[in-house]
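Below: the structure, in structure tokens.
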Amino acid sequence: MLLDLIASRRVVFVGGKGGVGKTSIAAALALGRARAGARVLLVSTDPAHNLGHLWDRLVGDEPTRLAGPGDLAPGAGTAGYVDGLEIDPERTVEQHLSAVAGTMRRLLPERMHAPAARHLELARLAPGTHESAVLERIAEAVELGEEAYDLVVFDTAPSGHTLRLLALPEQLTSWTETLLANRDRSERFGAAVRGLGGGEQSDRDADLRRILLRRRDRFSRLREVVTDPAQAGFVLVLTAELLPIAETMEVYEKLTGLGVEVAALVANRRSPADAGEVLARRRGQEDRHLVRLRPQVDVPLLDIPLLPGDLVGTQALAALADLLGPSSS
């Protein structure tokens, strides 16, 4: 059962092609673990956020309680709960650039403030700015999870965007290491500069080094967590159709290449075989697709049936969580 597969993990990413039910599965996993007594942080990295709609709550860029002990029956009386947040890309980029601007004003001589400000305005729309800022928030959420939660579940953006994000920690760590190496070379002249009255510049160099080290360590830690199968895993959600299956196989191979363990695949919204000829024929076609998929993956592939009604609110999510495994630890 899926809840059993993630029970020992601290971080779980739920991803897949757009429209396959990633948010529903992520929310049900979070609720299922909370019913077992876990403190869970559910984070949406998808610009098209759906957590608020799914839980019928107002969810923003800071943790908001989605379900507490009183909402978790069966299992009432446990200490588990679910907090949720939706990463706001625009706010994240603004905060990111504002922090960089403050650092620049502190570290650069005044004559360079205006050129630096113009550079940041150009950087606002530059390729990679959004991804870097969102990755900072993902790293922050992982750190928050280590401090205050038992599990962080990420409801991710469609596959391509998520793959780019997961490749970034290693790239940004290497880039920061290069910057640090350059700083080390420049510090060979530090004694001479200080001898000429360059104490202020020396302080700036020390501040910059601390910032770079903090950034390197943050991304290095994120990379360490994401690639440790004892701590993290990826759940790929798909529908049993030709195109979602093809994309799932591509993502599966790329995640494996990045060193990220795929814990399970979930074939969501399976058609019933006993509800009329059309759905029975569709079920047969789904079965044939999945028969071809199973030999290509060496992780569990779980079926989740098509459920009636709108999947909104704690009660509906609890019914889905029941299909993912037992609600006790």
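Labels used: A, B, ... for chains in the order of the structure tokens, numbers from 1 for residues in each chain, and numbers from 1 for ligands as shown.
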
inquiry  = Need to verify the contact set: range 16-25 of chain A, 8 Å, only C-alpha atoms, exclusion of same-chain residues closer than 4 positions in sequence. Can you return it as a PyMOL selection string?
reply    = chain A and resi 29+50-51+54+155-159+236-239+244+247-248+251+268+311+317+320

Could you turn the residues from that selection into a file that holds N, CA and C atoms, as a CSV table (one decimal), in the first residue's frame?
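Generated output (part.csv):
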```csv
chain,number,residue,atom,x,y,z
A,29,LEU,N,-2.3,11.4,0.5
A,29,LEU,CA,-1.2,10.9,1.2
A,29,LEU,C,-0.9,11.7,2.5
A,50,ASN,N,-4.0,24.2,-6.8
A,50,ASN,CA,-5.4,23.6,-6.5
A,50,ASN,C,-5.6,23.2,-5.1
A,51,LEU,N,-4.6,23.4,-4.2
A,51,LEU,CA,-4.8,22.9,-2.8
A,51,LEU,C,-6.0,23.6,-2.2
A,54,LEU,N,-9.2,22.2,-3.5
A,54,LEU,CA,-9.4,20.8,-3.0
A,54,LEU,C,-9.8,20.7,-1.6
A,155,ASP,N,3.3,18.7,-3.8
A,155,ASP,CA,2.4,18.6,-5.0
A,155,ASP,C,3.1,19.4,-6.1
A,156,THR,N,3.7,18.7,-7.1
A,156,THR,CA,4.6,19.4,-8.0
A,156,THR,C,3.9,19.9,-9.3
A,157,ALA,N,4.6,20.8,-10.0
A,157,ALA,CA,4.1,21.2,-11.3
A,157,ALA,C,4.2,20.1,-12.3
A,158,PRO,N,3.6,20.2,-13.5
A,158,PRO,CA,3.8,19.1,-14.5
A,158,PRO,C,5.2,18.8,-14.7
A,159,SER,N,5.4,17.6,-15.3
A,159,SER,CA,6.7,16.9,-15.2
A,159,SER,C,7.9,17.7,-15.7
A,236,LEU,N,4.9,8.9,-8.9
A,236,LEU,CA,4.5,9.3,-10.2
A,236,LEU,C,3.0,8.9,-10.4
A,237,VAL,N,2.2,9.9,-10.7
A,237,VAL,CA,0.8,9.6,-10.9
A,237,VAL,C,0.5,9.7,-12.4
A,238,LEU,N,-0.3,8.8,-12.9
A,238,LEU,CA,-0.6,8.7,-14.3
A,238,LEU,C,-2.1,8.2,-14.5
A,239,THR,N,-2.6,8.4,-15.6
A,239,THR,CA,-3.8,7.7,-16.0
A,239,THR,C,-3.4,6.7,-17.1
A,244,PRO,N,-0.1,9.7,-21.3
A,244,PRO,CA,0.4,9.8,-19.9
A,244,PRO,C,1.4,8.7,-19.6
A,247,GLU,N,4.8,9.6,-21.2
A,247,GLU,CA,5.5,10.7,-20.4
A,247,GLU,C,6.0,10.1,-19.1
A,248,THR,N,5.2,9.3,-18.5
A,248,THR,CA,5.6,8.7,-17.2
A,248,THR,C,6.9,7.9,-17.3
A,251,VAL,N,9.8,10.4,-17.6
A,251,VAL,CA,10.1,11.0,-16.3
A,251,VAL,C,10.8,10.0,-15.4
A,268,ASN,N,-4.2,6.3,-11.7
A,268,ASN,CA,-5.3,7.0,-11.1
A,268,ASN,C,-6.6,6.9,-12.0
A,311,LEU,N,-14.2,15.5,-5.7
A,311,LEU,CA,-13.2,15.2,-4.7
A,311,LEU,C,-12.8,16.6,-4.0
A,317,LEU,N,-11.4,13.4,0.7
A,317,LEU,CA,-10.0,13.1,0.7
A,317,LEU,C,-9.7,11.9,1.6
A,320,LEU,N,-10.4,8.8,-0.3
A,320,LEU,CA,-9.3,8.4,-1.2
A,320,LEU,C,-8.1,7.9,-0.4
```

All residues 7 Å or closer to Ala240 in chain A, only C-alpha atoms, same chain fewer than 2 positions away omitted, as a CSV table (one decimal) with C-alpha atoms, in the first residue's frame:
```csv
chain,number,residue,atom,x,y,z
A,238,LEU,CA,-0.6,8.7,-14.3
A,242,LEU,CA,-1.1,6.1,-24.1
A,245,ILE,CA,2.1,6.4,-19.8
A,267,ALA,CA,-2.6,4.6,-12.0
A,286,GLU,CA,-6.3,0.5,-19.8
A,289,HIS,CA,-1.6,-0.3,-21.6
A,290,LEU,CA,-0.6,-1.2,-18.0
```

request  = Name the closest residue to Ala264 in chain A among the candidates A:Asp298, A:Glu143, A:Glu250, A:Asp46; distances are taken between atoms, counting only C-alpha atoms.
outcome  =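 Comparing A:Asp298, A:Glu143, A:Glu250, A:Asp46 against Ala264 in chain A, the winner is A:Asp298.
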
query = Which polymer residues have any atom within 12 Å of an atom of Phe13 in chain A, counting only C-alpha atoms, with same-chain residues fewer than 3 positions away left out, as a PyMOL selection string?
reply = chain A and resi 6+9-10+16+22-23+25-27+29-30+41-46+138+142+151-159+162-163+165-166+225-227+231-237+255+260-265

Export N, CA and C atoms of the chosen residues as a compact mmCIF listing (two decimals), in the first residue's frame?
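part_19.txt, freshly written:
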```txt
# COMPACT_ATOMS: atom_id res chain seq x y z
N ILE A 6 5.62 5.04 1.94
CA ILE A 6 6.20 6.35 2.28
C ILE A 6 6.30 6.57 3.79
N ARG A 9 9.58 7.90 5.12
CA ARG A 9 10.21 9.01 4.41
C ARG A 9 9.91 10.34 5.09
N ARG A 10 10.82 11.28 4.92
CA ARG A 10 10.62 12.63 5.44
C ARG A 10 10.14 13.59 4.36
N GLY A 16 3.80 14.14 -12.16
CA GLY A 16 3.27 13.48 -13.34
C GLY A 16 2.74 14.49 -14.33
N LYS A 22 -2.54 14.64 -9.60
CA LYS A 22 -1.41 14.74 -8.67
C LYS A 22 -1.83 15.37 -7.34
N THR A 23 -2.57 16.46 -7.41
CA THR A 23 -2.94 17.18 -6.18
C THR A 23 -3.80 16.32 -5.28
N ILE A 25 -3.89 12.99 -5.08
CA ILE A 25 -3.08 11.93 -4.48
C ILE A 25 -2.17 12.51 -3.41
N ALA A 26 -1.55 13.67 -3.69
CA ALA A 26 -0.68 14.30 -2.69
C ALA A 26 -1.44 14.63 -1.43
N ALA A 27 -2.65 15.19 -1.58
CA ALA A 27 -3.46 15.56 -0.42
C ALA A 27 -3.91 14.33 0.36
N LEU A 29 -2.34 11.42 0.49
CA LEU A 29 -1.16 10.91 1.19
C LEU A 29 -0.90 11.71 2.46
N ALA A 30 -0.99 13.03 2.36
CA ALA A 30 -0.77 13.88 3.54
C ALA A 30 -1.79 13.56 4.61
N LEU A 41 3.41 18.68 6.32
CA LEU A 41 3.36 19.93 5.57
C LEU A 41 3.14 19.57 4.10
N LEU A 42 2.05 20.07 3.52
CA LEU A 42 1.70 19.82 2.13
C LEU A 42 1.98 21.10 1.34
N VAL A 43 2.88 21.01 0.35
CA VAL A 43 3.37 22.18 -0.36
C VAL A 43 3.06 22.04 -1.85
N SER A 44 2.42 23.07 -2.41
CA SER A 44 2.19 23.10 -3.86
C SER A 44 3.25 23.95 -4.53
N THR A 45 3.95 23.36 -5.51
CA THR A 45 4.92 24.12 -6.31
C THR A 45 4.36 24.43 -7.69
N ASP A 46 3.14 24.01 -7.95
CA ASP A 46 2.51 24.20 -9.26
C ASP A 46 1.96 25.62 -9.36
N ILE A 138 11.55 25.66 -1.93
CA ILE A 138 11.52 24.21 -1.71
C ILE A 138 12.56 23.83 -0.67
N VAL A 142 11.89 22.09 3.00
CA VAL A 142 12.57 20.89 3.49
C VAL A 142 13.20 21.16 4.85
N LEU A 151 6.78 14.94 7.98
CA LEU A 151 6.75 14.65 6.54
C LEU A 151 6.42 15.93 5.79
N VAL A 152 7.11 16.14 4.66
CA VAL A 152 6.76 17.20 3.72
C VAL A 152 6.35 16.52 2.41
N VAL A 153 5.15 16.83 1.94
CA VAL A 153 4.65 16.29 0.66
C VAL A 153 4.58 17.45 -0.32
N PHE A 154 5.27 17.30 -1.45
CA PHE A 154 5.26 18.32 -2.49
C PHE A 154 4.31 17.91 -3.61
N ASP A 155 3.31 18.73 -3.84
CA ASP A 155 2.44 18.59 -5.01
C ASP A 155 3.08 19.42 -6.11
N THR A 156 3.70 18.75 -7.08
CA THR A 156 4.59 19.44 -8.00
C THR A 156 3.87 19.90 -9.26
N ALA A 157 4.56 20.78 -9.99
CA ALA A 157 4.11 21.22 -11.30
C ALA A 157 4.23 20.07 -12.29
N PRO A 158 3.62 20.21 -13.49
CA PRO A 158 3.77 19.15 -14.49
C PRO A 158 5.23 18.77 -14.73
N SER A 159 5.43 17.59 -15.26
CA SER A 159 6.70 16.87 -15.23
C SER A 159 7.92 17.67 -15.65
N THR A 162 9.14 20.22 -13.12
CA THR A 162 9.67 19.57 -11.92
C THR A 162 11.05 18.99 -12.17
N LEU A 163 11.25 18.39 -13.33
CA LEU A 163 12.56 17.82 -13.65
C LEU A 163 13.63 18.91 -13.68
N LEU A 165 13.59 21.67 -11.96
CA LEU A 165 13.84 22.07 -10.58
C LEU A 165 14.74 21.07 -9.87
N LEU A 166 14.50 19.78 -10.07
CA LEU A 166 15.28 18.77 -9.37
C LEU A 166 16.71 18.70 -9.88
N VAL A 225 19.18 15.36 0.59
CA VAL A 225 17.91 14.79 1.02
C VAL A 225 17.17 14.15 -0.15
N VAL A 226 17.10 14.86 -1.28
CA VAL A 226 16.31 14.40 -2.42
C VAL A 226 16.86 13.10 -2.99
N THR A 227 18.16 12.90 -2.92
CA THR A 227 18.77 11.70 -3.50
C THR A 227 19.01 10.59 -2.49
N GLN A 231 15.29 8.97 2.98
CA GLN A 231 14.62 10.20 3.39
C GLN A 231 13.56 10.67 2.42
N ALA A 232 13.75 10.42 1.12
CA ALA A 232 12.87 11.01 0.12
C ALA A 232 12.50 9.99 -0.95
N GLY A 233 11.39 10.25 -1.59
CA GLY A 233 10.95 9.42 -2.70
C GLY A 233 9.99 10.19 -3.58
N PHE A 234 9.81 9.69 -4.79
CA PHE A 234 8.94 10.35 -5.77
C PHE A 234 7.82 9.39 -6.12
N VAL A 235 6.60 9.90 -6.09
CA VAL A 235 5.42 9.12 -6.50
C VAL A 235 4.94 9.69 -7.82
N LEU A 236 4.93 8.88 -8.86
CA LEU A 236 4.49 9.31 -10.18
C LEU A 236 3.03 8.91 -10.39
N VAL A 237 2.20 9.88 -10.68
CA VAL A 237 0.78 9.65 -10.92
C VAL A 237 0.52 9.69 -12.42
N LEU A 255 14.31 10.79 -13.67
CA LEU A 255 14.45 10.85 -12.22
C LEU A 255 15.52 9.87 -11.74
N VAL A 260 17.20 10.27 -8.06
CA VAL A 260 15.99 10.39 -7.25
C VAL A 260 15.23 9.07 -7.31
N GLU A 261 14.93 8.50 -6.16
CA GLU A 261 14.23 7.21 -6.15
C GLU A 261 12.74 7.39 -6.41
N VAL A 262 12.22 6.64 -7.37
CA VAL A 262 10.77 6.58 -7.58
C VAL A 262 10.23 5.51 -6.66
N ALA A 263 9.40 5.89 -5.70
CA ALA A 263 8.89 4.94 -4.71
C ALA A 263 7.75 4.11 -5.27
N ALA A 264 6.92 4.71 -6.13
CA ALA A 264 5.76 4.00 -6.65
C ALA A 264 5.16 4.76 -7.82
N LEU A 265 4.40 4.04 -8.63
CA LEU A 265 3.56 4.63 -9.66
C LEU A 265 2.10 4.42 -9.27
```

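CA of Leu85 in chain A is found 27.0 Å from CA of Leu306 in chain A.
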
ask   = Asp150 in chain A: which residues within 10 Å, counting only C-alpha atoms, same-chain residues fewer than 4 positions away excluded, as a count of residues only?
value = 15

message = To one decimal place in Å, what is the distance between CA of Gly276 in chain A and CA of Asp303 in chain A?
response = 19.9 Å

task = Can you work out which one of A:Gly15, A:Tyr252, A:Glu277, A:Ala141 has the shortest atom-to-atom distance to Arg218 in chain A, counting only C-alpha atoms?
result =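 When distances to Arg218 in chain A are compared using only C-alpha atoms, the smallest one comes from A:Ala141.
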